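Peer 1: Just one file: upload.cif, with mmCIF, C-alpha atoms.
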```cif
data_query
#
loop_
_atom_site.label_atom_id
_atom_site.label_comp_id
_atom_site.auth_asym_id
_atom_site.auth_seq_id
_atom_site.Cartn_x
_atom_site.Cartn_y
_atom_site.Cartn_z
CA LEU Z 1 -19.74 -3.40 -18.79
CA ALA Z 2 -16.70 -4.29 -20.90
CA LEU Z 3 -14.48 -3.96 -17.84
CA LEU Z 4 -16.78 -6.24 -15.84
CA VAL Z 5 -16.72 -8.88 -18.58
CA LEU Z 6 -12.92 -8.65 -18.70
CA LEU Z 7 -12.67 -9.11 -14.94
CA LEU Z 8 -14.94 -12.15 -15.07
CA LEU Z 9 -12.90 -13.71 -17.88
CA LEU Z 10 -9.65 -13.10 -16.00
CA ARG Z 11 -11.18 -14.56 -12.84
CA LEU Z 12 -12.33 -17.66 -14.75
CA LEU Z 13 -8.85 -18.06 -16.23
CA ALA Z 14 -7.27 -17.81 -12.79
CA LEU Z 15 -9.67 -20.41 -11.38
CA CYS Z 16 -8.86 -22.78 -14.23
CA ARG Z 17 -5.16 -22.40 -13.53
CA ARG Z 18 -5.72 -23.13 -9.84
CA LEU Z 19 -7.76 -26.23 -10.58
CA GLY Z 20 -5.01 -27.53 -12.83
CA SER Z 21 -2.25 -27.05 -10.28
CA LYS Z 22 -1.56 -28.36 -6.79
CA PRO Z 23 -2.41 -25.93 -3.97
CA GLN Z 24 0.67 -24.31 -2.48
CA LYS Z 25 1.03 -23.39 1.15
CA ARG Z 26 3.30 -20.60 2.20
CA ASP Z 27 6.31 -21.73 4.15
CA GLY Z 28 5.95 -20.21 7.60
CA THR Z 29 9.71 -19.82 7.87
CA ARG Z 30 10.01 -17.81 4.67
CA PRO Z 31 9.93 -14.00 5.00
CA LEU Z 32 7.01 -12.08 3.51
CA LYS Z 33 7.64 -10.13 0.32
CA THR Z 34 6.72 -6.62 1.43
CA VAL Z 35 5.87 -3.37 -0.32
CA ALA Z 36 6.04 -0.04 1.52
CA VAL Z 37 4.38 3.02 -0.04
CA LEU Z 38 6.23 6.30 0.45
CA GLY Z 39 4.88 9.84 0.25
CA SER Z 40 6.11 13.39 0.27
CA GLY Z 41 6.18 15.50 3.40
CA GLY Z 42 6.21 13.67 6.70
CA HIS Z 43 4.78 10.40 5.38
CA THR Z 44 8.16 8.96 4.44
CA SER Z 45 9.72 9.89 7.79
CA GLU Z 46 6.84 8.17 9.58
CA MET Z 47 7.15 5.10 7.33
CA ILE Z 48 10.88 4.82 8.04
CA SER Z 49 10.10 4.91 11.77
CA VAL Z 50 7.48 2.18 11.36
CA LEU Z 51 9.77 -0.04 9.30
CA ASN Z 52 12.51 0.27 11.89
CA HIS Z 53 10.28 -1.84 14.16
CA LEU Z 54 9.98 -4.65 11.59
CA ASP Z 55 11.96 -7.85 11.93
CA ARG Z 56 13.68 -7.98 8.55
CA SER Z 57 14.13 -11.73 8.87
CA LYS Z 58 10.33 -12.00 8.65
CA TYR Z 59 9.58 -9.15 6.25
CA SER Z 60 11.88 -9.05 3.25
CA PRO Z 61 12.66 -8.05 0.69
CA ILE Z 62 11.03 -4.64 1.14
CA THR Z 63 10.32 -2.82 -2.11
CA TYR Z 64 9.50 0.89 -1.87
CA ILE Z 65 6.85 2.44 -4.12
CA VAL Z 66 7.29 6.17 -4.66
CA ALA Z 67 5.67 8.77 -6.92
CA ASP Z 68 7.72 9.79 -9.93
CA THR Z 69 7.70 13.47 -8.89
CA ASP Z 70 8.80 12.77 -5.31
CA LYS Z 71 12.39 13.96 -5.17
CA HIS Z 72 13.13 13.41 -1.49
CA SER Z 73 11.65 10.12 -0.25
CA GLN Z 74 14.19 7.90 -1.98
CA THR Z 75 17.09 9.84 -0.48
CA LYS Z 76 15.58 9.60 3.02
CA VAL Z 77 15.18 5.82 2.76
CA GLU Z 78 18.65 5.32 1.32
CA ARG Z 79 20.14 7.27 4.23
CA ALA Z 80 18.08 5.31 6.77
CA GLU Z 81 19.07 1.95 5.29
CA LYS Z 82 22.73 2.95 5.17
CA ALA Z 83 22.58 4.03 8.82
CA ARG Z 84 21.16 0.68 9.90
CA GLY Z 85 23.64 -1.24 7.78
CA GLY Z 86 20.97 -2.70 5.54
CA GLU Z 87 21.10 -3.66 1.88
CA SER Z 88 20.60 -1.12 -0.88
CA PRO Z 89 16.83 -0.49 -1.07
CA VAL Z 90 14.82 -1.19 -4.21
CA PHE Z 91 12.47 1.51 -5.50
CA VAL Z 92 9.59 1.31 -7.95
CA ARG Z 93 8.25 4.59 -9.31
CA ILE Z 94 4.65 5.20 -10.35
CA PRO Z 95 2.81 8.27 -11.68
CA ARG Z 96 1.61 10.60 -8.94
CA SER Z 97 -2.16 10.41 -8.53
CA ARG Z 98 -2.66 13.96 -7.26
CA GLU Z 99 -0.77 17.22 -6.87
CA VAL Z 100 -1.58 19.99 -4.40
CA HIS Z 101 -4.31 22.40 -5.66
CA MET Z 102 -5.12 20.10 -8.59
CA SER Z 103 -8.71 20.01 -9.85
CA TRP Z 104 -10.76 16.90 -9.11
CA LEU Z 105 -11.28 16.21 -12.81
CA VAL Z 106 -7.54 16.07 -13.43
CA THR Z 107 -7.10 14.10 -10.20
CA VAL Z 108 -9.45 11.37 -11.44
CA TRP Z 109 -7.53 11.08 -14.72
CA MET Z 110 -4.14 10.96 -13.00
CA THR Z 111 -5.40 8.39 -10.48
CA LEU Z 112 -6.57 6.14 -13.33
CA ARG Z 113 -3.19 6.51 -14.98
CA ALA Z 114 -1.46 5.62 -11.71
CA LEU Z 115 -3.82 2.68 -11.19
CA ILE Z 116 -2.91 1.14 -14.55
CA ALA Z 117 0.77 1.49 -13.71
CA CYS Z 118 0.23 -0.07 -10.27
CA ILE Z 119 -1.65 -3.04 -11.71
CA TYR Z 120 1.38 -3.84 -13.84
CA LYS Z 121 3.95 -3.15 -11.11
CA LEU Z 122 2.17 -5.36 -8.56
CA MET Z 123 1.78 -8.14 -11.13
CA VAL Z 124 5.57 -8.17 -11.38
CA LEU Z 125 6.27 -7.75 -7.64
CA ARG Z 126 3.47 -10.02 -6.32
CA PRO Z 127 3.84 -8.80 -2.72
CA GLU Z 128 2.44 -10.70 0.23
CA LEU Z 129 2.15 -7.59 2.40
CA ILE Z 130 1.57 -3.92 1.59
CA ILE Z 131 2.20 -1.27 4.25
CA THR Z 132 1.15 2.34 3.76
CA ASN Z 133 0.55 5.33 5.99
CA GLY Z 134 -1.64 7.67 4.04
CA PRO Z 135 -0.02 9.47 1.09
CA GLY Z 136 -2.28 9.90 -1.93
CA THR Z 137 0.06 7.56 -3.81
CA CYS Z 138 -1.26 4.66 -1.75
CA ILE Z 139 -4.80 4.70 -3.20
CA PRO Z 140 -3.96 3.35 -6.68
CA VAL Z 141 -1.63 0.81 -5.02
CA ILE Z 142 -4.45 -0.44 -2.78
CA LEU Z 143 -6.92 -0.53 -5.68
CA ALA Z 144 -4.43 -2.45 -7.83
CA ALA Z 145 -3.96 -4.98 -5.03
CA TRP Z 146 -7.73 -5.42 -4.89
CA PHE Z 147 -7.83 -5.89 -8.66
CA TRP Z 148 -5.46 -8.84 -8.42
CA LYS Z 149 -7.40 -10.22 -5.46
CA VAL Z 150 -10.58 -10.24 -7.55
CA VAL Z 151 -8.80 -11.71 -10.55
CA GLY Z 152 -7.21 -14.32 -8.34
CA LEU Z 153 -3.63 -13.95 -9.54
CA PHE Z 154 -2.34 -13.39 -6.02
CA ASP Z 155 -3.52 -12.22 -2.62
CA CYS Z 156 -1.78 -9.98 -0.12
CA ARG Z 157 -2.57 -8.34 3.19
CA ILE Z 158 -2.88 -4.56 3.24
CA ILE Z 159 -2.00 -2.61 6.38
CA PHE Z 160 -2.87 1.09 6.54
CA ILE Z 161 -1.37 3.19 9.34
CA GLU Z 162 -3.03 6.58 9.72
CA SER Z 163 -0.69 9.50 10.19
CA PHE Z 164 0.22 10.57 13.72
CA CYS Z 165 -1.13 14.06 13.02
CA ARG Z 166 -4.67 12.70 12.56
CA VAL Z 167 -6.25 12.93 16.01
CA GLN Z 168 -9.98 13.52 15.44
CA THR Z 169 -10.62 12.73 11.77
CA LEU Z 170 -9.09 10.53 9.09
CA SER Z 171 -7.21 11.81 6.09
CA LEU Z 172 -8.89 11.56 2.68
CA SER Z 173 -6.70 8.55 1.89
CA GLY Z 174 -7.64 7.04 5.24
CA LYS Z 175 -11.37 7.45 4.60
CA ILE Z 176 -11.00 5.50 1.33
CA ALA Z 177 -8.54 2.90 2.64
CA TYR Z 178 -10.67 2.22 5.73
CA TRP Z 179 -13.00 0.07 3.59
CA LEU Z 180 -10.31 -1.64 1.53
CA THR Z 181 -7.60 -2.72 3.96
CA ASP Z 182 -7.19 -5.82 6.08
CA THR Z 183 -5.78 -3.93 9.05
CA PHE Z 184 -6.42 -0.24 9.72
CA VAL Z 185 -4.25 1.28 12.44
CA VAL Z 186 -4.70 4.64 14.16
CA GLN Z 187 -2.31 6.31 16.57
CA TRP Z 188 -4.88 8.15 18.70
CA PRO Z 189 -7.67 6.43 20.71
CA GLU Z 190 -10.11 9.25 19.91
CA LEU Z 191 -10.52 7.85 16.40
CA LEU Z 192 -11.80 4.50 17.71
CA GLU Z 193 -15.16 6.05 18.63
CA ARG Z 194 -15.97 6.88 15.01
CA TYR Z 195 -14.10 4.07 13.25
CA LYS Z 196 -14.90 0.75 14.89
CA LYS Z 197 -12.79 -1.33 12.50
CA ALA Z 198 -9.66 0.60 13.42
CA LYS Z 199 -7.01 -0.72 15.80
CA TRP Z 200 -5.13 1.49 18.23
CA VAL Z 201 -1.65 0.33 19.16
CA GLY Z 202 -0.28 3.58 20.49
CA ARG Z 203 2.25 5.84 18.82
CA LEU Z 204 4.29 4.14 16.09
CA CYS Z 205 6.35 7.04 14.84
#
```
Could you render the structure as structure tokens?

Peer 2:
Amino acid sequence: LALLVLLLLLRLLALCRRLGSKPQKRDGTRPLKTVAVLGSGGHTSEMISVLNHLDRSKYSPITYIVADTDKHSQTKVERAEKARGGESPVFVRIPRSREVHMSWLVTVWMTLRALIACIYKLMVLRPELIITNGPGTCIPVILAAWFWKVVGLFDCRIIFIESFCRVQTLSLSGKIAYWLTDTFVVQWPELLERYKKAKWVGRLC
């Protein structure tokens, strides 16, 4: 109840600020501030492949969110950016929401801890686009984006790209993100039969 009251007060404050200021339209020629969520295993490799298709003149700067215990994703991105002659990437680290073989009780606590961190990080970044492809790290990021949507501080589009290895069923992250994202992309047409909201655009990575 206290959290609901707090959300309502924050929402009222945001509405008052909007009423007292002139509405601003985004310049269509300005690139979108983008956040990409990285994950251990093959998620980062897939994300790098996806981002290679992006027109950086339209989507920049790209800030990478990575779990604090992920020791490899940052190195992979730095190598990829160096190979393409891009600028030095910017990374933001957050607490990992779940480890392998972790109990659900501990997972809930760690996800809440990660969510609080993400709420603060996104308040600072204020992205206009979030792209993720399924690591557990993405769930607190998506929830934090929704928090700021409800509060009214800023709004951003969320694109979820399900992993290429998911042919018949969604990942756990995908099953949650399916209801919270603006665009939900799958890489196999078989998934369209069960998930009508999803979009199939072929293989992306």

Peer 1: Once the PyMOL selection byres ((chain Z and resi 88) around 12) is applied to the coordinates I shared, what remains selected? I want it as a ChimeraX atom specification.

Peer 2: /Z:61-64,74-75,77-87,89-91

Peer 1: Between Z:Leu172, Z:Leu129, Z:Leu192, Z:Ala177, which is the closest to Leu143 in chain Z once you count only C-alpha atoms?

Peer 2: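 Of all the options, Z:Ala177 lies closest to Leu143 in chain Z.
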
Peer 1: Using the chain letters and numbers from this file, what does the PyMOL selection byres ((chain Z and resi 65) around 8) select? Give the answer as a PDB file with C-alpha atoms, in the coordinates of the input.

Peer 2:
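Saved to selection_13.pdb:
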```
ATOM      1  CA  VAL Z  35       5.870  -3.370  -0.320  1.00  0.00           C
ATOM      2  CA  ALA Z  36       6.040  -0.040   1.520  1.00  0.00           C
ATOM      3  CA  VAL Z  37       4.380   3.020  -0.040  1.00  0.00           C
ATOM      4  CA  LEU Z  38       6.230   6.300   0.450  1.00  0.00           C
ATOM      5  CA  THR Z  63      10.320  -2.820  -2.110  1.00  0.00           C
ATOM      6  CA  TYR Z  64       9.500   0.890  -1.870  1.00  0.00           C
ATOM      7  CA  VAL Z  66       7.290   6.170  -4.660  1.00  0.00           C
ATOM      8  CA  ALA Z  67       5.670   8.770  -6.920  1.00  0.00           C
ATOM      9  CA  PHE Z  91      12.470   1.510  -5.500  1.00  0.00           C
ATOM     10  CA  VAL Z  92       9.590   1.310  -7.950  1.00  0.00           C
ATOM     11  CA  ARG Z  93       8.250   4.590  -9.310  1.00  0.00           C
ATOM     12  CA  ILE Z  94       4.650   5.200 -10.350  1.00  0.00           C
TER      13      ILE Z  94
END
```

Peer 1: Going by the chain IDs and residue numbers used in this file, which residues fall under the PyMOL selection byres ((chain Z and resi 163) around 8)? Write them as number ranges by chain.

Peer 2: Z: 43, 46, 133-134, 161-162, 164-166, 186-187

Peer 1: As an exercise, work out the distance from CA of Ile119 in chain Z to CA of Val185 in chain Z in Å and give it to one decimal place.

Peer 2: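 Separation of CA of Ile119 in chain Z and CA of Val185 in chain Z: 24.7 Å.
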
Peer 1: If we count all atoms listed in the file, what is near Leu122 in chain Z at a cut-off of 9 Å, once residues fewer than 5 positions away on the same chain are taken out, given as a PDB file with C-alpha atoms, keeping the file's coordinate frame?

Peer 2:
```
ATOM      1  CA  ALA Z 117       0.770   1.490 -13.710  1.00  0.00           C
ATOM      2  CA  PRO Z 127       3.840  -8.800  -2.720  1.00  0.00           C
ATOM      3  CA  VAL Z 141      -1.630   0.810  -5.020  1.00  0.00           C
ATOM      4  CA  ALA Z 144      -4.430  -2.450  -7.830  1.00  0.00           C
ATOM      5  CA  ALA Z 145      -3.960  -4.980  -5.030  1.00  0.00           C
ATOM      6  CA  TRP Z 148      -5.460  -8.840  -8.420  1.00  0.00           C
TER       7      TRP Z 148
END
```

Peer 1: Might you pull out every residue within 6 Å of Pro135 in chain Z, with all atoms listed in the file counted and same-chain residues fewer than 2 positions away left off, and present them as a ChimeraX atom specification?

Peer 2: /Z:39,137-138

Peer 1: Between CA of Arg56 in chain Z and CA of Leu125 in chain Z, what is the distance in Å, rounded to a tenth?

Peer 2: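 One can read the CA of Arg56 in chain Z to CA of Leu125 in chain Z distance as 17.8 Å.
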
Peer 1: Between CA of Cys118 in chain Z and CA of Thr169 in chain Z, what distance in Å does the model show, to one decimal?

Peer 2: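 Between CA of Cys118 in chain Z and CA of Thr169 in chain Z the gap is 27.7 Å.
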